[in-house]
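Structure record follows, encoded as structure tokens.
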Amino acid sequence: MRWGVWLSTLLPLLAQAQDPGLHMDMAGSAGIELRTFPADAQFDDQFNGLEPSAYLQPEFRATSENEKEQFNFMPFARLDGRDQRRTHADIRELYWRHIDDDWEVLAGANRVFWGVTEFRHLVDIINQTDLIEDIDGEDKLGQPMLNLSSQQDWGEVSLFILPWFRERTFAGKDGRLRFPLVTDGNPRYQSSDEEQHIDVAARYSHYIGSWDFGIAYFKGTGREPRFELSDNGSRLVPVYDLINQVGTDIQFTHEAWLWKFEGLWRSQRGDKFFAAIGGFEYTLFQTFDTDADLGLLLEYSYDGRDKNPSEAPPTAFEEDIFLGARLALNDVQSTEVLAGLSIDPDDSSSTLALEAERRLKPHWSAEMEGRWFLKSGDDPVLSSIKKDSYFTFRLIRYF
């Protein structure tokens with residue numbers, strides 16, 4: 001990743017943070033993590049058993065007295081005891097933002113999230129996924145950008161220029177949750193400009209009554225790679241194609257109901273396909289005469305892309321049903337539990353996920369996460385990780 005140009009641009013702006021008129025503060029978190037894989041590894045060279053690691057993610061912020069100038073710096077680093085590739089560092093955020101009455105401009109590296117559904121973030125495309133952090137798509141690499149946004153009575157418009165592409169991260173030969181062949185670190189690109197291709201994106205969002213909606217357009221290098229064999233056939237090489245994509249996300253709120261939908265149309269290598277996910281979350285407030293709320297979730301996902309991983313990026317969600325429940329105890333410790341089951345009706349492949357978190361003290365919290373690949377069917381993605389069911393315990397210190 002070439003940060004030199006961005007640093008040379010931003011350092012004079014960040015130097016202004018020494019101005020006594022700026023308010024400085026620091027936050028962030030650090031944590032230790034222990035993953036355990038109950039089953040022996042499926043492929044040669046993969047480790048068995050426990051995977052300890054630790055991470056650090058501080059955040060440095062500076063804001064002017066009139067709150068129109070903001071500076072933000074958030075580095076991230078993880079040290080992993082078993083997978084060398086999972087030991088990595090990234091700049092999640094490094095930007096300057098100017099805020100005016102009805103518009104703002106941001107220059108630097110930032111993370112932008114689009115979408116409303118729970119189990120799959122279909123339209124979220126600005127940032128690259130940090131896949132060695134987790135396979136749920138929640139962790140993102142910082143994306144260099146120039147972002148201009150305007151908020152009016154008729155909605156918000158955001159324009160993006162994205163000058164450098166970030167490669168997806170993959171587990172190494174020692175790591176778990178990978179394909180049978182190790183993914184090579186030297187990708188191929190459809191664009192002759194490779195990672196220096198300039199991508200562009202635009203999004204319009206608004207709300208009308210109980211409806212919240214957004215529509216976005218992206219043109220550039222797709223964040224999802226397809227895969228080809230290396231010349232000697234010993235590795236998988238990620239290939240990043242140029243794409244055109246239109247996506248939309250819609251949410252309707254009515255009493256205890258949240259209805260959600262995400263859909264996209266994408267053109268890639270002459271192929272065009274449609275994908276969508278939609279469903280609802282219904283909340284039972286103060287269940288069993290307690291302060292706890294129980295949310296019941298149901299979503300259905302369809303993806304019409306080519307199933308050949310050398311022709312289109314692979315996905316495990318061609319046609320899946322997601323069932324889930326979210327329990328919030330609403331206690332002093334902010335205890336929450338989320339459980340989800342994914343089922344493919346065609347081949348009966350299924351996965352189970354469980355996430356729980358609880359605050360221990362004002363600056364400490366504990367998280368638990370488990371993923372069980374119950375049945376892989378004939379799905380090539382799930383077949384690669386069918387023995388990689390795991391359980392994670394995480395202890396976090398906030399500062």
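Each chain in the structure tokens gets a letter, A, B and so on, in the order shown; residues start at 1 in every chain, and ligands are counted from 1 in the order they appear.
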Residue neighbourhood range 256-271 of chain A, 6 Å, only C-alpha atoms, exclusion window fewer than 2 positions, as a PDB file with N, CA and C atoms, in the first residue's frame:
ATOM      1  N   THR A 117     -28.934  -4.913   6.084  1.00  0.00           N
ATOM      2  CA  THR A 117     -29.253  -6.281   6.464  1.00  0.00           C
ATOM      3  C   THR A 117     -28.245  -6.822   7.477  1.00  0.00           C
ATOM      4  N   ILE A 243     -15.482  -3.400 -12.655  1.00  0.00           N
ATOM      5  CA  ILE A 243     -16.917  -3.645 -12.572  1.00  0.00           C
ATOM      6  C   ILE A 243     -17.683  -2.327 -12.638  1.00  0.00           C
ATOM      7  N   ASN A 244     -18.948  -2.439 -12.994  1.00  0.00           N
ATOM      8  CA  ASN A 244     -19.938  -1.381 -12.824  1.00  0.00           C
ATOM      9  C   ASN A 244     -21.026  -1.950 -11.926  1.00  0.00           C
ATOM     10  N   GLN A 245     -21.395  -1.231 -10.900  1.00  0.00           N
ATOM     11  CA  GLN A 245     -22.384  -1.759  -9.959  1.00  0.00           C
ATOM     12  C   GLN A 245     -23.351  -0.672  -9.517  1.00  0.00           C
ATOM     13  N   VAL A 246     -24.627  -1.028  -9.522  1.00  0.00           N
ATOM     14  CA  VAL A 246     -25.676  -0.188  -8.951  1.00  0.00           C
ATOM     15  C   VAL A 246     -26.297  -0.961  -7.801  1.00  0.00           C
ATOM     16  N   GLY A 247     -26.381  -0.350  -6.643  1.00  0.00           N
ATOM     17  CA  GLY A 247     -26.934  -1.032  -5.479  1.00  0.00           C
ATOM     18  C   GLY A 247     -27.929  -0.158  -4.743  1.00  0.00           C
ATOM     19  N   THR A 248     -28.819  -0.800  -4.007  1.00  0.00           N
ATOM     20  CA  THR A 248     -29.792  -0.066  -3.207  1.00  0.00           C
ATOM     21  C   THR A 248     -30.000  -0.763  -1.879  1.00  0.00           C
ATOM     22  N   ASP A 249     -30.275   0.009  -0.850  1.00  0.00           N
ATOM     23  CA  ASP A 249     -30.638  -0.539   0.461  1.00  0.00           C
ATOM     24  C   ASP A 249     -31.858   0.211   0.978  1.00  0.00           C
ATOM     25  N   ILE A 250     -32.806  -0.534   1.519  1.00  0.00           N
ATOM     26  CA  ILE A 250     -34.085   0.031   1.948  1.00  0.00           C
ATOM     27  C   ILE A 250     -34.445  -0.548   3.311  1.00  0.00           C
ATOM     28  N   GLN A 251     -34.921   0.302   4.198  1.00  0.00           N
ATOM     29  CA  GLN A 251     -35.399  -0.164   5.500  1.00  0.00           C
ATOM     30  C   GLN A 251     -36.714   0.521   5.849  1.00  0.00           C
ATOM     31  N   PHE A 252     -37.676  -0.285   6.277  1.00  0.00           N
ATOM     32  CA  PHE A 252     -38.991   0.221   6.678  1.00  0.00           C
ATOM     33  C   PHE A 252     -39.223  -0.135   8.137  1.00  0.00           C
ATOM     34  N   THR A 253     -39.558   0.869   8.945  1.00  0.00           N
ATOM     35  CA  THR A 253     -39.761   0.676  10.376  1.00  0.00           C
ATOM     36  C   THR A 253     -41.233   0.869  10.709  1.00  0.00           C
ATOM     37  N   HIS A 254     -41.814  -0.123  11.377  1.00  0.00           N
ATOM     38  CA  HIS A 254     -43.203  -0.024  11.794  1.00  0.00           C
ATOM     39  C   HIS A 254     -43.368  -0.745  13.132  1.00  0.00           C
ATOM     40  N   PHE A 273     -25.167  -9.754 -13.573  1.00  0.00           N
ATOM     41  CA  PHE A 273     -25.977 -10.559 -12.657  1.00  0.00           C
ATOM     42  C   PHE A 273     -26.634  -9.673 -11.605  1.00  0.00           C
ATOM     43  N   PHE A 274     -27.634 -10.254 -10.982  1.00  0.00           N
ATOM     44  CA  PHE A 274     -28.407  -9.579  -9.937  1.00  0.00           C
ATOM     45  C   PHE A 274     -28.247 -10.370  -8.644  1.00  0.00           C
ATOM     46  N   ALA A 275     -28.153  -9.678  -7.530  1.00  0.00           N
ATOM     47  CA  ALA A 275     -28.096 -10.311  -6.215  1.00  0.00           C
ATOM     48  C   ALA A 275     -28.934  -9.491  -5.244  1.00  0.00           C
ATOM     49  N   ALA A 276     -29.514 -10.152  -4.255  1.00  0.00           N
ATOM     50  CA  ALA A 276     -30.379  -9.455  -3.300  1.00  0.00           C
ATOM     51  C   ALA A 276     -30.445 -10.228  -1.998  1.00  0.00           C
ATOM     52  N   ILE A 277     -30.724  -9.511  -0.931  1.00  0.00           N
ATOM     53  CA  ILE A 277     -31.014 -10.107   0.359  1.00  0.00           C
ATOM     54  C   ILE A 277     -32.084  -9.255   1.022  1.00  0.00           C
ATOM     55  N   GLY A 278     -33.062  -9.901   1.647  1.00  0.00           N
ATOM     56  CA  GLY A 278     -34.143  -9.164   2.282  1.00  0.00           C
ATOM     57  C   GLY A 278     -34.772  -9.978   3.387  1.00  0.00           C
ATOM     58  N   GLY A 279     -35.433  -9.280   4.299  1.00  0.00           N
ATOM     59  CA  GLY A 279     -36.092  -9.966   5.404  1.00  0.00           C
ATOM     60  C   GLY A 279     -36.548  -8.985   6.462  1.00  0.00           C
ATOM     61  N   PHE A 280     -36.658  -9.464   7.690  1.00  0.00           N
ATOM     62  CA  PHE A 280     -37.189  -8.621   8.756  1.00  0.00           C
ATOM     63  C   PHE A 280     -36.539  -8.954  10.089  1.00  0.00           C
ATOM     64  N   GLU A 281     -36.682  -8.031  11.017  1.00  0.00           N
ATOM     65  CA  GLU A 281     -36.366  -8.248  12.426  1.00  0.00           C
ATOM     66  C   GLU A 281     -37.567  -7.778  13.243  1.00  0.00           C
ATOM     67  N   TYR A 282     -38.100  -8.666  14.045  1.00  0.00           N
ATOM     68  CA  TYR A 282     -39.243  -8.347  14.904  1.00  0.00           C
ATOM     69  C   TYR A 282     -38.782  -8.431  16.355  1.00  0.00           C
ATOM     70  N   THR A 283     -39.011  -7.365  17.116  1.00  0.00           N
ATOM     71  CA  THR A 283     -38.523  -7.289  18.491  1.00  0.00           C
ATOM     72  C   THR A 283     -39.650  -7.482  19.488  1.00  0.00           C
TER      73      THR A 283
END
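All residues of protein, DNA or RNA that reach within 9 Å of Ile135 in chain A, judged by only C-alpha atoms and not counting those fewer than 5 positions away in the chain, are Thr129, Asp130 and Leu177 of chain A.
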Go ahead and dump the residues you just picked, N, CA and C atoms, as a CSV table (one decimal), in the first residue's frame.
chain,number,residue,atom,x,y,z
A,129,THR,N,-12.3,-5.9,2.4
A,129,THR,CA,-12.5,-6.7,3.6
A,129,THR,C,-11.1,-7.2,4.1
A,130,ASP,N,-10.9,-7.1,5.4
A,130,ASP,CA,-9.8,-7.6,6.1
A,130,ASP,C,-10.1,-9.1,6.5
A,177,LEU,N,-9.1,-21.5,7.9
A,177,LEU,CA,-10.1,-20.8,7.2
A,177,LEU,C,-9.5,-20.3,5.8
**Spatial neighbours of Leu294 in chain A, 9 Å, only C-alpha atoms, chain gap at least 6 places, as JSON, numbers by chain** = {"A": [282, 283, 284, 285, 286, 287, 325, 326, 327, 328, 329]}
**Message:** List the spatial neighbours of Asp241 in chain A as a list in words - criterion: any atom at most 8 Å away, only C-alpha atoms, same-chain residues fewer than 4 positions off excluded.
**Reply:** Tyr189, Gln190, Ser191, Thr221, Gly222, Pro225, Gln268 and Arg269 of chain A
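Among the candidates A:Asp291, A:Leu148, A:Glu133, A:Arg86, the residue lying nearest to Asn330 in chain A is A:Asp291 (atoms considered: only C-alpha atoms).
CA of Tyr95 in chain A is positioned 21.9 Å from CA of Tyr55 in chain A.
In this model, the gap between CA of Gly115 in chain A and CA of Phe213 in chain A comes to 9.4 Å.
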Would you pick out the contacts of Asp90 in chain A at 8 Å or less, using only C-alpha atoms, so that residues sharing its chain but fewer than 5 positions from it are not included, and give the list as an mmCIF file with N, CA and C atoms, in the first residue's frame?
data_model
loop_
_atom_site.group_PDB
_atom_site.id
_atom_site.type_symbol
_atom_site.label_atom_id
_atom_site.label_comp_id
_atom_site.auth_asym_id
_atom_site.auth_seq_id
_atom_site.Cartn_x
_atom_site.Cartn_y
_atom_site.Cartn_z
ATOM 1 N N PRO A 75 -4.558 3.811 13.674
ATOM 2 C CA PRO A 75 -3.798 2.662 13.202
ATOM 3 C C PRO A 75 -4.331 1.378 13.835
ATOM 4 N N PHE A 76 -3.944 0.256 13.252
ATOM 5 C CA PHE A 76 -4.356 -1.046 13.777
ATOM 6 C C PHE A 76 -3.201 -2.022 13.597
ATOM 7 N N ALA A 77 -2.988 -2.884 14.583
ATOM 8 C CA ALA A 77 -1.944 -3.901 14.481
ATOM 9 C C ALA A 77 -2.377 -5.148 15.235
ATOM 10 N N LEU A 141 -10.315 -2.698 5.656
ATOM 11 C CA LEU A 141 -9.077 -1.951 5.510
ATOM 12 C C LEU A 141 -9.392 -0.485 5.222
ATOM 13 N N GLY A 142 -8.522 0.399 5.663
ATOM 14 C CA GLY A 142 -8.701 1.815 5.363
ATOM 15 C C GLY A 142 -8.561 2.072 3.869
#
**Request:** Check the DSSP output for the backbone and give back, as an NGL selection string, the residues of range 163-377 of chain A in strand (DSSP E).
**Result:** :A and (188-189 or 199-208 or 211-221 or 226-229 or 236-240 or 242-254 or 257-268 or 271-284 or 293-303 or 319-328 or 336-343 or 350-361 or 364-375)
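Taking CA of Ala292 in chain A and CA of Arg358 in chain A as endpoints, the distance between them is 14.0 Å.
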**Request:** Just the residues within 10 Å of range 198-206 of chain A, please, counting only C-alpha atoms, with nothing from its chain fewer than 2 positions along; format it as a VMD selection string.
**Result:** chain A and resid 114 125 to 126 145 to 165 193 to 196 208 211 to 222 242 to 250
**Message:** Among range 96-312 of chain A, which ones does DSSP assign to helix (DSSP H, G or I) (computed from the backbone)? Answer as an NGL selection string.
**Reply:** :A and (194-196 or 287-289)
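Among A:Pro144, A:Pro58, A:Asn127, A:Glu118, the residue with the shortest atom-to-atom distance to Gly324 in chain A, counting only C-alpha atoms, is A:Glu118.
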**Request:** Point out the residue among A:Lys307, A:Arg397, A:Arg92, A:Arg82 with the least atom-to-atom distance to Asp378 in chain A, counting only C-alpha atoms.
**Result:** A:Lys307
**Request:** For Arg176 in chain A, please output as a PyMOL selection string all residues within 12 Å (counting only C-alpha atoms; exclusion window: fewer than 6 positions along the same chain).
**Result:** chain A and resi 35-51+82-86+131-135+170+182+384-390
**Prompt:** Which residue gives the smallest distance to Phe391 in chain A among A:Glu167, A:Tyr300, A:Leu354, A:Leu360, with only C-alpha atoms counted?
**Reply:** A:Leu354
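Each of A:Leu181, A:Leu34, A:Leu395, A:Leu352 was checked against Phe119 in chain A using only C-alpha atoms; the smallest atom-to-atom distance is that of A:Leu352.
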**Complete:** The residue from A:Pro345, A:Ser350, A:Thr169, A:Pro52 with the smallest atom-to-atom distance to His88 in chain A, counting only C-alpha atoms, is A:Thr169
